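Asker: The structure that follows is given in the form of structure tokens.
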Amino acid sequence: MKPALPITLLVLVLGAAAPWLISAYELSLLGRFLAFSLVALGIMLTWGEGGILSLGQGVFFGLGGYALAMHLKLEGLDIANGDMPDFMTWSGVSALPTLWRFFVNPWLSLVYVVLVPGLFAAFFGWLVFRRRIGGVYFALITQALALAFATLLVSQQALTGGFNGLTNFSTFAGYDITSQGAARVIYLITFMLVVAAYFALRWLLATRFGTMLRATRDGENRIRFLGHNPLPYKVVAFTIAGSLSGIGGALFTLHAGVISPALVGVVPSIEMVVWVAVGGRGVLWGAIAGTLLVNFAKDEISSALPSLWLYALGALFVLVVSFLPGGIAGMFSNPRLPPRLLRRRQEVVE
Amino acid sequence: MHESAFLIGQVFNGISVASLFVMAALGLALSFGLMRVINMAHGEMLMLGGYLAYLTLLVVPGPLGILVAMPVAFLGAAFLGGILELTVIHRLSTRPLDTLLATWGVSLILQQAARNLFGAIGVQVVAPTWLDHTISFSTGILSGLTLPDTRLFILLVAALILGGVALLINKTRLGLYVRAVNQDRPTAAALGVNARLVDLTVFALGTGVAGLAGVILALLGPVTPTVGQSYIVPAFLVVILGGLGSLVGTTIASLMVGLFTALIEIYVDVSVAQVLLLVFVILFIQIRPQGVIAVRSRALEG
Amino acid sequence: MSPLLALENVTVDFDGFKALTDVSLTLEANALRILIGPNGAGKSTLCDTIIGRVRPTAGRILFKGEAITALPEQEIVKRGICRKFQTPGILPSLSVMENLLVSGRKNRAWWRAFTTATPAQEMARAEEILETIGLQDRRDVPAASLAHGEKQWLEIGMVVATDADLLLLDEPTAGMGPQDTQRTAELILSLIGRHAVLVIDHDMSFVEALNGFTTVLHQGQILKEGSVAEIRADAAVEAVYLGRAKDEVA
């Protein structure tokens with residue numbers, strides 16, 4: 001279901017005007033959550049359209065976030081003269097690690113933000129999907145991936161900043177990124193990227209690729225017996241979701257001024273899925289709306305009553321999944337899918 | 001310390017970790033075989049077992065407290081598991097991915113409840129004195145090897161549980177029903193097997209075993225609200241490696257994961273070991289995507 | 001000339017249970033073959049074995065003279081065999097037309113999928129099949145909302161759309177009323193001459209409407225082959241199969 005044109009235009013105008021309508025604090029929150037919604041759009045593509053549930057999208061979010069953060073830590077340092085990021089000096093590192101040397105150039109780093117998570121998702125997805133591992137198995141493996149990734153980040157203190165992650169950024173390509181004006185520019189870039197991603201995915205889902213992806217979800221075996229190979233459709237969808245998460249991670253890092261293992265592990269990864277579940281897994285705008293809604297609610301509830309948030313989040317999982325599988329968007333649309341479709345059997349290993 | 005003694009010590013460690021994994025994964029694997037759903041709150045059954053052990057020891061202190069705690073933890077976790085099955089899992093059982101998400105929500109709630117009731121730091125269960133020994137070797141190639149009693153106790157408990165469950169499945173009427181539903185649910189139901197009751201019983205049994213495992217965990221370290229989380233992800237990997245609902249497969253897979261982790265940790269630190277374990281699992285499924293034990297039946301090929 | 005399909009002494013063993021024992025069978029191009037037998041006779045397993053879903057324990061399968069016994073499923077499909085499943089294997093969230101287009105897609109390379117355009121030829125063929133299966137007025141509804149009989153026809157349409165030389169139809173009339181069954185028989189007969197068709201069923205009125213060369217399978221073995229009339233007259237078939245079918249009806 002696509003929203004009506006007037007509503008689309010209104011949202012676009014309000015979104016673009018937001019820097020002049022709301023406070024700096026609210027803008028920073030909105031920017032962060034819009035960055036999250038890029039992750040949600042990816043989940044909507046893989047889970048909603050492809051039936052592939054990944055509980056490890058935080059990994060790709062992290063890869064993008066760290067790719068940019070590593071560059072930001074190098075800005076303004078005289079690397080030729082042995083300058084190093086502050087935390088490395090504290091950890092007793094003697095020379096800048098080779099891995100970091102890839103991130104000296106700001107523009108190359110931006111390329112990595114898209115490519116590193118994308119290529120990793122492609123490789124990982126290919127490895128797992130080619131053996132026809134899907135459904136529950138895939139969810140569990142991606143969760144193990146999220147756990148391993150976060151643990152590794154924490155343990156490699158000297159390389160990654162450890163538990164505290166990377167923070168204290170000042171410039172990008174020489175531009176100050178901490179000022180009030182910069183925050184507006186970063187917000188507008190985020191907003192434009194979300195809009196671009198939304199329309200790009202809308203187009204993608206209208207192409208034959210979208211049809212094939214849904215066909216793969218509906219009956220992977222059926223597709224195979226019709227002579228199609230479902231593997232590339234799943235891998236491409238997972239790759240796109242990986243890249244979108246990476247871009248989201250980089251933008252989040254810019255907005256929040258920090259990226260750390262606590263933002264990419266098991267719990268954040270599964271929280272990303274609940275954004276989409278709440279918004280409506282079958283509808284693009286639902287993914288964005290769900291992300292904003294859940295995160296603003298989290299901000300409100302956890303600042304008032306911290307321990308209540310986990311109860312609320314837990315209850316949200318149970319209730320939405322049990323009683324509102326179509327999410328918020330599902331309430332507005334006369335669903336294209338009859339509800340019993342949600343009950344289709346999952347294909348696991350054959 | 002002799003090098004071979006060190007290696008044998010690590011192997012022994014691996015086997016004792018494996019016996020924890022097998023207890024944690026058993027319920028997951030059995031229910032997965034029957035219903036194709038995974039209960040993400042299974043780790044919290046371990047946690048519950050741990051806290052029940054702590055509470056039991058407050059009431060029944062002394063050397064035998066731990067032996068009282070085990071049936072208490074089993075029943076408590078089985079009871080909670082039964083409720084979970086009836087309220088959430090059964091309702092969603094035709095939507096396995098949604099079951100994952102809903103039970104994850106349950107797991108968050110249980111963790112937070114534990115945090116509010118017992119605090120975030122965790123509680124200590126002191127091992128009884130009769131488990132407070134170690135077997136040490138001072139001569140021969142094993143010199144320097146020490147085997148703590150608690151670790152031997154874990155092995156014993158795991159072996160007893162495995163043996164018990166194997167008997168239950170292979171020798172009893174309930175086991176016959178379980179195998180029948182496992183192979184072909186509609187046919188079993190048509191022949192008069194109450195598949196719903198089989199699901200519920202197996203699920204409760206599995207969570208009960210996890211509760212028992214929680215008592216054992218309590219002997220090894222503090223019981224915290226997230227204690228289950230550290231064991232549950234390896235248990236998931238065990239389920240993936242083991243093959244659908246196979247007892248033998250789950251046992252072998254637990255040994256693989258336990259030994260792999262223990263031996264690789266000789267060379268790398270714990271976090272890298274975790275990454276390598278995942279790499280190992282992914283490589284393994286390249287060769288055997290169906291898991292250690294493949295069940296070949298028409299019901300699985302639909 | 002070699003037959004289109006030949007099964008040579010095929011045996012399938014499921015952990016000790018012999019689903020098929022020493023089955024041999026040939027089928028000429030563009031011909032019709034009916035396979036009947038009571039439940040559990042191994043009809044669906046035979047289908048599964050031809051399509052590569054189940055591997056025979058012994059024996060081999062030749063298609064157009066080439067051994068396909070060990071080929072991966074997709075390769076078998078590419079050689080020109082397509083199968084309709086017992087339970088409708090449609091793609092429920094896709095529209096009827098999309099189902100046919102996905103099935104009839106000629107160029108299956110994934111990188112050619114990033115377009116909203118469909119080749120005119122494929123579109124025309126899909127419309128033609130849509131008409132054959134009589135679902136023109138259901139063209140754009142999700143396949144999940146079709147009635148049971150319509151789903152069966154859609155799946156036959158999908159199988160036809162692949163332009164395979166051999167169509168395997170597993171219980172195409174399962175759950176259908178007499179009227180729909182009659183229509184299905186006509187639909188299948190209209191396919192002969194363009195495709196070879198292997199139909200599996202146990203509804204005798206349907207088999208009689210098709211009236212083709214029939215093979216009776218019983219406990220994984222071939223019991224009898226011949227015309228429908230010959231099968232009707234056979235005492236052994238009567239005993240194991242037709243008698244029981246009558247009981248079921250009664």
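Ordered as shown in the structure tokens, chains take letters A, B, and onward, while each chain numbers its residues from 1 and ligands are numbered from 1 in the order shown.
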Give me, as a ChimeraX atom specification, the residues of chain C touching chain B, with the criterion being at most 12 Å (counting only C-alpha atoms).
Answerer: /C:12-17,19,40,42,44-45,48,53-55,85-89
Asker: Using only C-alpha atoms and a cut-off of 9 Å, which residues of chain C sit close to chain A? Please list them as a VMD selection string.
Answerer: chain C and resid 51 73 to 78 81 to 85 89 to 94 98 to 99 102 to 105 108 to 118 142 144 to 145 158 to 159 162
Asker: Against chain A, which residues of chain B fall within 7 Å? For each one I want the closest pair of atoms and the distance in Å (one decimal), counting only C-alpha atoms, rows by chain and increasing residue number, as JSON lines.
Answerer:
{"residue": "B:Leu92", "atom": "CA", "partner": "A:Ser322", "partner_atom": "CA", "distance": 7.0}
{"residue": "B:Thr94", "atom": "CA", "partner": "A:Arg343", "partner_atom": "CA", "distance": 5.5}
{"residue": "B:Arg95", "atom": "CA", "partner": "A:Arg343", "partner_atom": "CA", "distance": 5.2}
{"residue": "B:Pro96", "atom": "CA", "partner": "A:Val136", "partner_atom": "CA", "distance": 6.8}
{"residue": "B:Leu97", "atom": "CA", "partner": "A:Val136", "partner_atom": "CA", "distance": 6.1}
{"residue": "B:Asp98", "atom": "CA", "partner": "A:Val321", "partner_atom": "CA", "distance": 6.0}
{"residue": "B:Leu101", "atom": "CA", "partner": "A:Phe317", "partner_atom": "CA", "distance": 6.2}
{"residue": "B:Ala102", "atom": "CA", "partner": "A:Val318", "partner_atom": "CA", "distance": 4.2}
{"residue": "B:Gly105", "atom": "CA", "partner": "A:Gly314", "partner_atom": "CA", "distance": 3.7}
{"residue": "B:Val106", "atom": "CA", "partner": "A:Gly314", "partner_atom": "CA", "distance": 5.9}
{"residue": "B:Leu108", "atom": "CA", "partner": "A:Gly314", "partner_atom": "CA", "distance": 5.3}
{"residue": "B:Ile109", "atom": "CA", "partner": "A:Tyr311", "partner_atom": "CA", "distance": 5.1}
{"residue": "B:Gln112", "atom": "CA", "partner": "A:Leu310", "partner_atom": "CA", "distance": 6.5}
{"residue": "B:Val233", "atom": "CA", "partner": "A:Ala144", "partner_atom": "CA", "distance": 6.1}
{"residue": "B:Phe236", "atom": "CA", "partner": "A:Leu140", "partner_atom": "CA", "distance": 6.4}
{"residue": "B:Ile240", "atom": "CA", "partner": "A:Tyr137", "partner_atom": "CA", "distance": 6.4}
{"residue": "B:Ser271", "atom": "CA", "partner": "A:Leu152", "partner_atom": "CA", "distance": 5.3}
{"residue": "B:Val272", "atom": "CA", "partner": "A:Leu152", "partner_atom": "CA", "distance": 6.5}
{"residue": "B:Gln274", "atom": "CA", "partner": "A:Ala148", "partner_atom": "CA", "distance": 5.7}
{"residue": "B:Val275", "atom": "CA", "partner": "A:Ala148", "partner_atom": "CA", "distance": 5.2}
{"residue": "B:Leu278", "atom": "CA", "partner": "A:Ala144", "partner_atom": "CA", "distance": 7.0}
{"residue": "B:Gln286", "atom": "CA", "partner": "A:Arg131", "partner_atom": "CA", "distance": 6.2}
{"residue": "B:Pro289", "atom": "CA", "partner": "A:Arg131", "partner_atom": "CA", "distance": 6.0}
{"residue": "B:Gln290", "atom": "CA", "partner": "A:Val349", "partner_atom": "CA", "distance": 6.0}
{"residue": "B:Leu300", "atom": "CA", "partner": "A:Glu350", "partner_atom": "CA", "distance": 6.7}
{"residue": "B:Glu301", "atom": "CA", "partner": "A:Glu350", "partner_atom": "CA", "distance": 6.0}
Asker: Please dump the current selection as a PDB file, in the first residue's frame; keep C-alpha atoms.
Answerer:
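Once everything was written out, this is selection.pdb:
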ATOM      1  CA  LEU B  92       2.129 -18.800  17.285  1.00  0.00           C
ATOM      2  CA  THR B  94       2.581 -22.034  12.820  1.00  0.00           C
ATOM      3  CA  ARG B  95       4.716 -18.888  12.577  1.00  0.00           C
ATOM      4  CA  PRO B  96       8.190 -19.918  13.747  1.00  0.00           C
ATOM      5  CA  LEU B  97       9.854 -16.550  13.151  1.00  0.00           C
ATOM      6  CA  ASP B  98       7.143 -14.731  15.085  1.00  0.00           C
ATOM      7  CA  LEU B 101      10.323 -12.583  18.458  1.00  0.00           C
ATOM      8  CA  ALA B 102       7.521 -13.108  20.962  1.00  0.00           C
ATOM      9  CA  GLY B 105       9.998 -10.395  24.468  1.00  0.00           C
ATOM     10  CA  VAL B 106       9.217 -12.879  27.239  1.00  0.00           C
ATOM     11  CA  LEU B 108      13.362  -9.491  28.257  1.00  0.00           C
ATOM     12  CA  ILE B 109      10.498  -9.366  30.745  1.00  0.00           C
ATOM     13  CA  GLN B 112      14.015  -7.394  34.036  1.00  0.00           C
ATOM     14  CA  VAL B 233      23.702 -18.631  22.012  1.00  0.00           C
ATOM     15  CA  PHE B 236      21.368 -22.328  19.596  1.00  0.00           C
ATOM     16  CA  ILE B 240      21.805 -25.912  14.319  1.00  0.00           C
ATOM     17  CA  SER B 271      36.248 -13.398  22.210  1.00  0.00           C
ATOM     18  CA  VAL B 272      38.232 -14.643  19.235  1.00  0.00           C
ATOM     19  CA  GLN B 274      33.598 -17.073  19.889  1.00  0.00           C
ATOM     20  CA  VAL B 275      34.214 -15.769  16.376  1.00  0.00           C
ATOM     21  CA  LEU B 278      30.796 -19.232  14.472  1.00  0.00           C
ATOM     22  CA  GLN B 286      28.633 -26.082   4.125  1.00  0.00           C
ATOM     23  CA  PRO B 289      23.509 -28.450   6.182  1.00  0.00           C
ATOM     24  CA  GLN B 290      21.143 -31.032   7.636  1.00  0.00           C
ATOM     25  CA  LEU B 300      10.482 -33.105   6.444  1.00  0.00           C
ATOM     26  CA  GLU B 301      10.472 -32.734   2.729  1.00  0.00           C
TER      27      GLU B 301
END
Asker: Give me every alpha helix (DSSP H) residue in segment 162-248 of chain B, going by DSSP on the backbone, as a PyMOL selection string.
Answerer: chain B and resi 162-171+173-183+185-190+195-220+229-242+247-248
Asker: DSSP on the backbone: which residues in segment 65-174 of chain C end up as strand (DSSP E)? Give the answer as a VMD selection string.
Answerer: chain C and resid 66 to 67 81 to 84 166 to 170
Asker: Which neighbours of Tyr112 of chain A fall inside 10 Å, counting only C-alpha atoms, when residues of the same chain fewer than 3 positions from it are skipped, and could you give them as a PyMOL selection string?
Answerer: chain A and resi 63-64+66-68+102-103+106-109+115-119+243+246-247
Asker: Let me make sure I understand: among B:Leu145, B:Ile232, B:Leu67, B:Val209, which one has the smallest atom-to-atom distance to Ala5 of chain B if we use only C-alpha atoms?
Answerer: B:Leu145
Asker: Would you kindly return, as number ranges by chain, each protein, DNA or RNA residue with an atom no farther than 8 Å from any atom of segment 27-43 of chain A, considering only C-alpha atoms and excluding same-chain residues fewer than 5 positions away?
Answerer: A: 18-19, 22, 48, 53-54, 57, 61, 183-184, 186-187, 190-191, 194, 197-198, 238, 240-242, 244-249, 251-252, 255-256, 272-273, 275-276, 284, 287-288, 291-292, 295
Asker: Create the file for the chosen residues now, containing N, CA and C atoms and written as a tab-separated table (two decimals), in the first residue's frame.
Answerer:
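What follows is the written file selection-v9.tsv:
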chain	number	residue	atom	x	y	z
A	18	ALA	N	11.99	20.49	9.26
A	18	ALA	CA	12.15	20.17	10.67
A	18	ALA	C	13.25	20.95	11.39
A	19	PRO	N	14.41	21.19	10.75
A	19	PRO	CA	15.48	21.92	11.48
A	19	PRO	C	15.02	23.28	11.97
A	22	ILE	N	11.69	22.42	15.09
A	22	ILE	CA	11.82	21.79	16.40
A	22	ILE	C	13.16	22.15	17.04
A	48	GLY	N	10.18	-8.60	5.59
A	48	GLY	CA	8.83	-8.41	5.11
A	48	GLY	C	8.63	-8.99	3.72
A	53	LEU	N	14.55	-13.55	8.27
A	53	LEU	CA	14.67	-12.78	9.51
A	53	LEU	C	16.11	-12.81	9.99
A	54	SER	N	16.73	-11.63	9.99
A	54	SER	CA	18.09	-11.52	10.51
A	54	SER	C	18.02	-10.88	11.88
A	57	GLN	N	21.32	-7.45	12.34
A	57	GLN	CA	21.51	-6.26	11.52
A	57	GLN	C	22.41	-5.24	12.22
A	61	PHE	N	25.16	-2.33	10.80
A	61	PHE	CA	25.06	-0.98	11.36
A	61	PHE	C	26.41	-0.59	11.96
A	183	ALA	N	24.83	20.33	12.58
A	183	ALA	CA	23.79	19.37	12.97
A	183	ALA	C	22.63	19.42	12.00
A	184	ARG	N	22.29	20.66	11.55
A	184	ARG	CA	21.19	20.79	10.58
A	184	ARG	C	21.55	20.15	9.26
A	186	ILE	N	23.71	17.75	8.73
A	186	ILE	CA	23.73	16.29	8.88
A	186	ILE	C	22.30	15.75	8.90
A	187	TYR	N	21.41	16.49	9.57
A	187	TYR	CA	20.01	16.05	9.58
A	187	TYR	C	19.45	16.01	8.17
A	190	THR	N	20.67	13.15	6.21
A	190	THR	CA	19.98	11.93	6.67
A	190	THR	C	18.59	11.85	6.07
A	191	PHE	N	17.88	12.97	6.17
A	191	PHE	CA	16.51	13.00	5.67
A	191	PHE	C	16.46	12.66	4.18
A	194	VAL	N	17.10	8.98	3.57
A	194	VAL	CA	15.95	8.14	3.90
A	194	VAL	C	14.90	8.23	2.80
A	197	ALA	N	16.19	6.33	-0.16
A	197	ALA	CA	16.11	4.89	0.05
A	197	ALA	C	14.68	4.41	-0.07
A	198	TYR	N	13.75	5.22	0.46
A	198	TYR	CA	12.34	4.84	0.40
A	198	TYR	C	11.88	4.69	-1.05
A	238	PHE	N	19.66	-9.28	0.99
A	238	PHE	CA	20.42	-9.20	2.24
A	238	PHE	C	21.57	-8.21	2.11
A	240	ILE	N	21.62	-5.51	0.08
A	240	ILE	CA	21.06	-4.16	0.12
A	240	ILE	C	20.75	-3.77	1.57
A	241	ALA	N	20.15	-4.71	2.31
A	241	ALA	CA	19.84	-4.43	3.71
A	241	ALA	C	21.12	-4.14	4.50
A	242	GLY	N	22.19	-4.88	4.19
A	242	GLY	CA	23.47	-4.67	4.87
A	242	GLY	C	24.01	-3.27	4.60
A	244	LEU	N	22.33	-0.61	3.57
A	244	LEU	CA	21.45	0.39	4.20
A	244	LEU	C	21.75	0.51	5.69
A	245	SER	N	21.95	-0.63	6.35
A	245	SER	CA	22.29	-0.60	7.78
A	245	SER	C	23.60	0.12	8.00
A	246	GLY	N	24.57	-0.13	7.11
A	246	GLY	CA	25.87	0.52	7.23
A	246	GLY	C	25.75	2.03	7.11
A	247	ILE	N	24.97	2.48	6.13
A	247	ILE	CA	24.77	3.93	5.96
A	247	ILE	C	24.07	4.47	7.21
A	248	GLY	N	23.07	3.74	7.69
A	248	GLY	CA	22.38	4.15	8.91
A	248	GLY	C	23.35	4.27	10.07
A	249	GLY	N	24.26	3.30	10.19
A	249	GLY	CA	25.24	3.33	11.28
A	249	GLY	C	26.15	4.54	11.20
A	251	LEU	N	25.50	7.43	9.69
A	251	LEU	CA	24.74	8.64	10.00
A	251	LEU	C	24.47	8.76	11.49
A	252	PHE	N	24.15	7.61	12.11
A	252	PHE	CA	23.92	7.62	13.55
A	252	PHE	C	25.17	8.12	14.27
A	255	HIS	N	25.34	11.80	14.12
A	255	HIS	CA	24.35	12.45	14.98
A	255	HIS	C	24.71	12.31	16.46
A	256	ALA	N	25.08	11.10	16.86
A	256	ALA	CA	25.26	10.83	18.28
A	256	ALA	C	26.67	11.16	18.74
A	272	MET	N	15.95	-3.70	16.52
A	272	MET	CA	15.73	-3.19	15.16
A	272	MET	C	14.58	-3.92	14.50
A	273	VAL	N	14.46	-5.21	14.79
A	273	VAL	CA	13.37	-5.98	14.18
A	273	VAL	C	12.03	-5.53	14.75
A	275	TRP	N	11.16	-2.59	15.61
A	275	TRP	CA	10.71	-1.35	14.94
A	275	TRP	C	9.84	-1.71	13.75
A	276	VAL	N	10.34	-2.66	12.97
A	276	VAL	CA	9.63	-3.04	11.75
A	276	VAL	C	8.34	-3.79	12.09
A	284	LEU	N	6.53	-0.26	3.33
A	284	LEU	CA	7.76	0.53	3.46
A	284	LEU	C	7.62	1.66	4.48
A	287	ALA	N	7.84	0.74	8.13
A	287	ALA	CA	9.15	0.53	8.73
A	287	ALA	C	9.68	1.84	9.32
A	288	ILE	N	9.52	2.92	8.56
A	288	ILE	CA	10.02	4.22	9.04
A	288	ILE	C	9.17	4.70	10.23
A	291	THR	N	9.92	2.75	13.39
A	291	THR	CA	11.21	3.12	13.98
A	291	THR	C	11.09	4.40	14.79
A	292	LEU	N	10.44	5.41	14.19
A	292	LEU	CA	10.31	6.69	14.89
A	292	LEU	C	9.47	6.51	16.15
A	295	ASN	N	11.20	4.44	18.96
A	295	ASN	CA	12.35	5.12	19.56
A	295	ASN	C	11.96	6.36	20.36
Asker: With only C-alpha atoms as the counted atoms, please give the residues lying no more than 8 Å from segment 225-242 of chain C, apart from itself and same-chain residues fewer than 5 positions off, as a list of chain:residue names.
Answerer: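 My reading of the contact set: C:Gly37, C:Pro38, C:Val207, C:Glu208, C:Asn211, C:Gly212, C:Phe213, C:Thr214, C:Thr215, C:Val216, C:His218.
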Asker: Please list as a list of chain:residue names every residue within 10 Å of Ser170 of chain A, counting only C-alpha atoms and excluding residues in the same chain fewer than 3 positions away.
Answerer: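 The residues that qualify are A:Leu72, A:Lys73, A:Glu75, A:Gly76, A:Thr167, A:Gly174, A:Tyr175, A:Asp176, A:Ile177, A:Thr178, A:Ser179, A:Gly257.
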